[in-house]
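protein.cif (mmCIF, C-alpha atoms) appears below.
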```cif
data_protein
loop_
_atom_site.group_PDB
_atom_site.id
_atom_site.type_symbol
_atom_site.label_atom_id
_atom_site.label_comp_id
_atom_site.auth_asym_id
_atom_site.auth_seq_id
_atom_site.Cartn_x
_atom_site.Cartn_y
_atom_site.Cartn_z
ATOM 1 C CA MET A 7 -127.434 -154.773 -153.981
ATOM 2 C CA THR A 8 -131.004 -153.803 -154.704
ATOM 3 C CA LEU A 9 -132.210 -150.320 -155.536
ATOM 4 C CA GLY A 10 -134.194 -150.288 -152.279
ATOM 5 C CA TYR A 11 -130.971 -150.625 -150.276
ATOM 6 C CA LEU A 12 -129.318 -147.808 -152.224
ATOM 7 C CA LEU A 13 -132.218 -145.460 -151.499
ATOM 8 C CA SER A 14 -132.569 -146.338 -147.831
ATOM 9 C CA THR A 15 -131.265 -144.467 -144.805
ATOM 10 C CA ILE A 16 -127.883 -145.606 -143.489
ATOM 11 C CA ALA A 17 -126.124 -144.521 -140.297
ATOM 12 C CA LEU A 18 -122.358 -144.992 -139.993
ATOM 13 C CA VAL A 19 -121.699 -144.890 -136.252
ATOM 14 C CA GLY A 20 -118.560 -144.633 -134.139
ATOM 15 C CA GLY A 21 -115.801 -144.245 -136.703
ATOM 16 C CA THR A 22 -113.053 -141.655 -137.004
ATOM 17 C CA LEU A 23 -114.216 -139.177 -139.614
ATOM 18 C CA TRP A 24 -111.832 -137.091 -141.698
ATOM 19 C CA SER A 25 -113.793 -134.311 -143.358
ATOM 20 C CA GLY A 26 -113.018 -132.671 -146.662
ATOM 21 C CA HIS A 27 -111.509 -129.825 -144.622
ATOM 22 C CA ALA A 28 -108.870 -132.039 -142.926
ATOM 23 C CA GLU A 29 -110.820 -132.039 -139.665
ATOM 24 C CA ARG A 30 -110.828 -135.189 -137.530
ATOM 25 C CA LEU A 31 -113.878 -136.241 -135.508
ATOM 26 C CA GLU A 32 -113.631 -139.282 -133.227
ATOM 27 C CA GLY A 33 -116.798 -141.309 -132.629
ATOM 28 C CA ALA A 34 -118.547 -139.694 -135.573
ATOM 29 C CA THR A 35 -121.982 -140.454 -136.930
ATOM 30 C CA VAL A 36 -122.746 -140.012 -140.622
ATOM 31 C CA ILE A 37 -126.369 -140.173 -141.788
ATOM 32 C CA ILE A 38 -126.871 -141.045 -145.461
ATOM 33 C CA GLU A 39 -130.320 -140.798 -146.987
ATOM 34 C CA ASN A 40 -131.124 -141.586 -150.626
ATOM 35 C CA ASN A 41 -127.379 -141.757 -151.427
ATOM 36 C CA GLN A 42 -126.678 -138.286 -150.005
ATOM 37 C CA ILE A 43 -124.967 -137.353 -146.758
ATOM 38 C CA ILE A 44 -127.539 -135.376 -144.795
ATOM 39 C CA ALA A 45 -125.800 -135.081 -141.405
ATOM 40 C CA ILE A 46 -122.350 -135.457 -139.863
ATOM 41 C CA GLY A 47 -121.635 -135.064 -136.182
ATOM 42 C CA LYS A 48 -121.216 -136.732 -132.848
ATOM 43 C CA ASP A 49 -124.046 -138.452 -130.972
ATOM 44 C CA LEU A 50 -126.595 -137.671 -133.701
ATOM 45 C CA PRO A 51 -130.026 -139.279 -133.326
ATOM 46 C CA ILE A 52 -130.416 -142.277 -135.650
ATOM 47 C CA PRO A 53 -133.501 -142.004 -137.889
ATOM 48 C CA THR A 54 -136.160 -144.661 -137.334
ATOM 49 C CA GLY A 55 -135.697 -147.572 -139.736
ATOM 50 C CA ALA A 56 -132.113 -146.681 -140.665
ATOM 51 C CA THR A 57 -129.594 -149.428 -141.352
ATOM 52 C CA VAL A 58 -126.860 -148.973 -138.737
ATOM 53 C CA LYS A 59 -123.276 -149.830 -139.664
ATOM 54 C CA THR A 60 -120.922 -149.912 -136.674
ATOM 55 C CA CYS A 61 -117.599 -148.294 -137.625
ATOM 56 C CA HIS A 62 -115.640 -148.410 -134.336
ATOM 57 C CA GLY A 63 -111.935 -148.647 -135.182
ATOM 58 C CA LEU A 64 -112.560 -147.652 -138.814
ATOM 59 C CA VAL A 65 -111.848 -144.435 -140.702
ATOM 60 C CA ILE A 66 -114.668 -142.686 -142.573
ATOM 61 C CA THR A 67 -113.601 -140.429 -145.448
ATOM 62 C CA PRO A 68 -116.698 -139.111 -147.248
ATOM 63 C CA ALA A 69 -114.578 -137.198 -149.761
ATOM 64 C CA PHE A 70 -112.893 -140.402 -150.975
ATOM 65 C CA ILE A 71 -115.970 -142.522 -151.651
ATOM 66 C CA ASP A 72 -115.631 -144.334 -154.990
ATOM 67 C CA SER A 73 -112.529 -142.413 -155.959
ATOM 68 C CA TYR A 74 -109.921 -143.613 -158.420
ATOM 69 C CA THR A 75 -106.602 -142.818 -156.823
ATOM 70 C CA GLN A 76 -103.197 -144.229 -155.996
ATOM 71 C CA LEU A 77 -103.124 -142.193 -152.778
ATOM 72 C CA GLY A 78 -100.912 -144.015 -150.299
ATOM 73 C CA LEU A 79 -99.582 -146.539 -152.796
ATOM 74 C CA VAL A 80 -96.351 -144.671 -153.501
ATOM 75 C CA GLU A 81 -94.621 -142.993 -150.571
ATOM 76 C CA VAL A 82 -91.451 -141.926 -152.384
ATOM 77 C CA SER A 83 -91.552 -142.439 -156.130
ATOM 78 C CA GLY A 84 -87.768 -142.791 -156.436
ATOM 79 C CA VAL A 85 -87.532 -145.592 -153.839
ATOM 80 C CA LYS A 86 -88.611 -148.955 -155.341
ATOM 81 C CA SER A 87 -89.363 -150.545 -151.931
ATOM 82 C CA SER A 88 -92.004 -147.881 -151.152
ATOM 83 C CA ASN A 89 -93.934 -148.402 -154.393
ATOM 84 C CA ASP A 90 -96.962 -150.709 -153.922
ATOM 85 C CA THR A 91 -98.450 -150.231 -157.403
#
```
Could you write out this file's structure as structure tokens?
Amino acid sequence: MTLGYLLSTIALVGGTLWSGHAERLEGATVIIENNQIIAIGKDLPIPTGATVKTCHGLVITPAFIDSYTQLGLVEVSGVKSSNDT
């Protein structure tokens, strides 16, 4: 990845967004500019020159970007078959 790509405008379009407030938005658009989320909503206009990433069928979780977690790897810690770590 080049620095130019990291500082460009990216639009994530059509995914299911789970916000940091446990709200779910189907068909969401997330606009990222210079590595910062500048807009989240539905049917947002895509900025001219933005790189568009189609996210239909995918889940977008802005709060979990680059996180170090075992979330979802252990359902019940006392049951060996539910431990994926």
* Asked: Residues at most 9 Å from A:Ala17, counting only C-alpha atoms, excluding those fewer than 3 positions away in the same chain, as a VMD selection string?
  -> chain A and resid 35 to 39 52 to 53 56 to 60
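The space between atom CA of A:Gly33 and atom CA of A:Val19 spans 7.1 Å.
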* Name every residue that the PyMOL selection byres ((chain A and resi 26) around 12) selects in this structure, writing the answer as a ChimeraX atom specification with chains first and numbers rising. => /A:23-25,27-31,46,66-71
* To do: Between atom CA of A:Asn40 and atom CA of A:Gly63, measure the distance and give it in Å to one decimal.
  =>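 Distance reported for this atom pair: 25.6 Å.
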* Rounded to one decimal place, report the atom CA of A:Ile43-atom CA of A:Thr15 distance in Å. =>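 Between these atoms lies a distance of 9.7 Å.
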* To do: Would you mind telling me which residue in A:Gln42, A:Ala34, A:Gly47, A:Thr54 lies nearest to A:Gly21 when using all atoms listed in the file?
  => A:Ala34
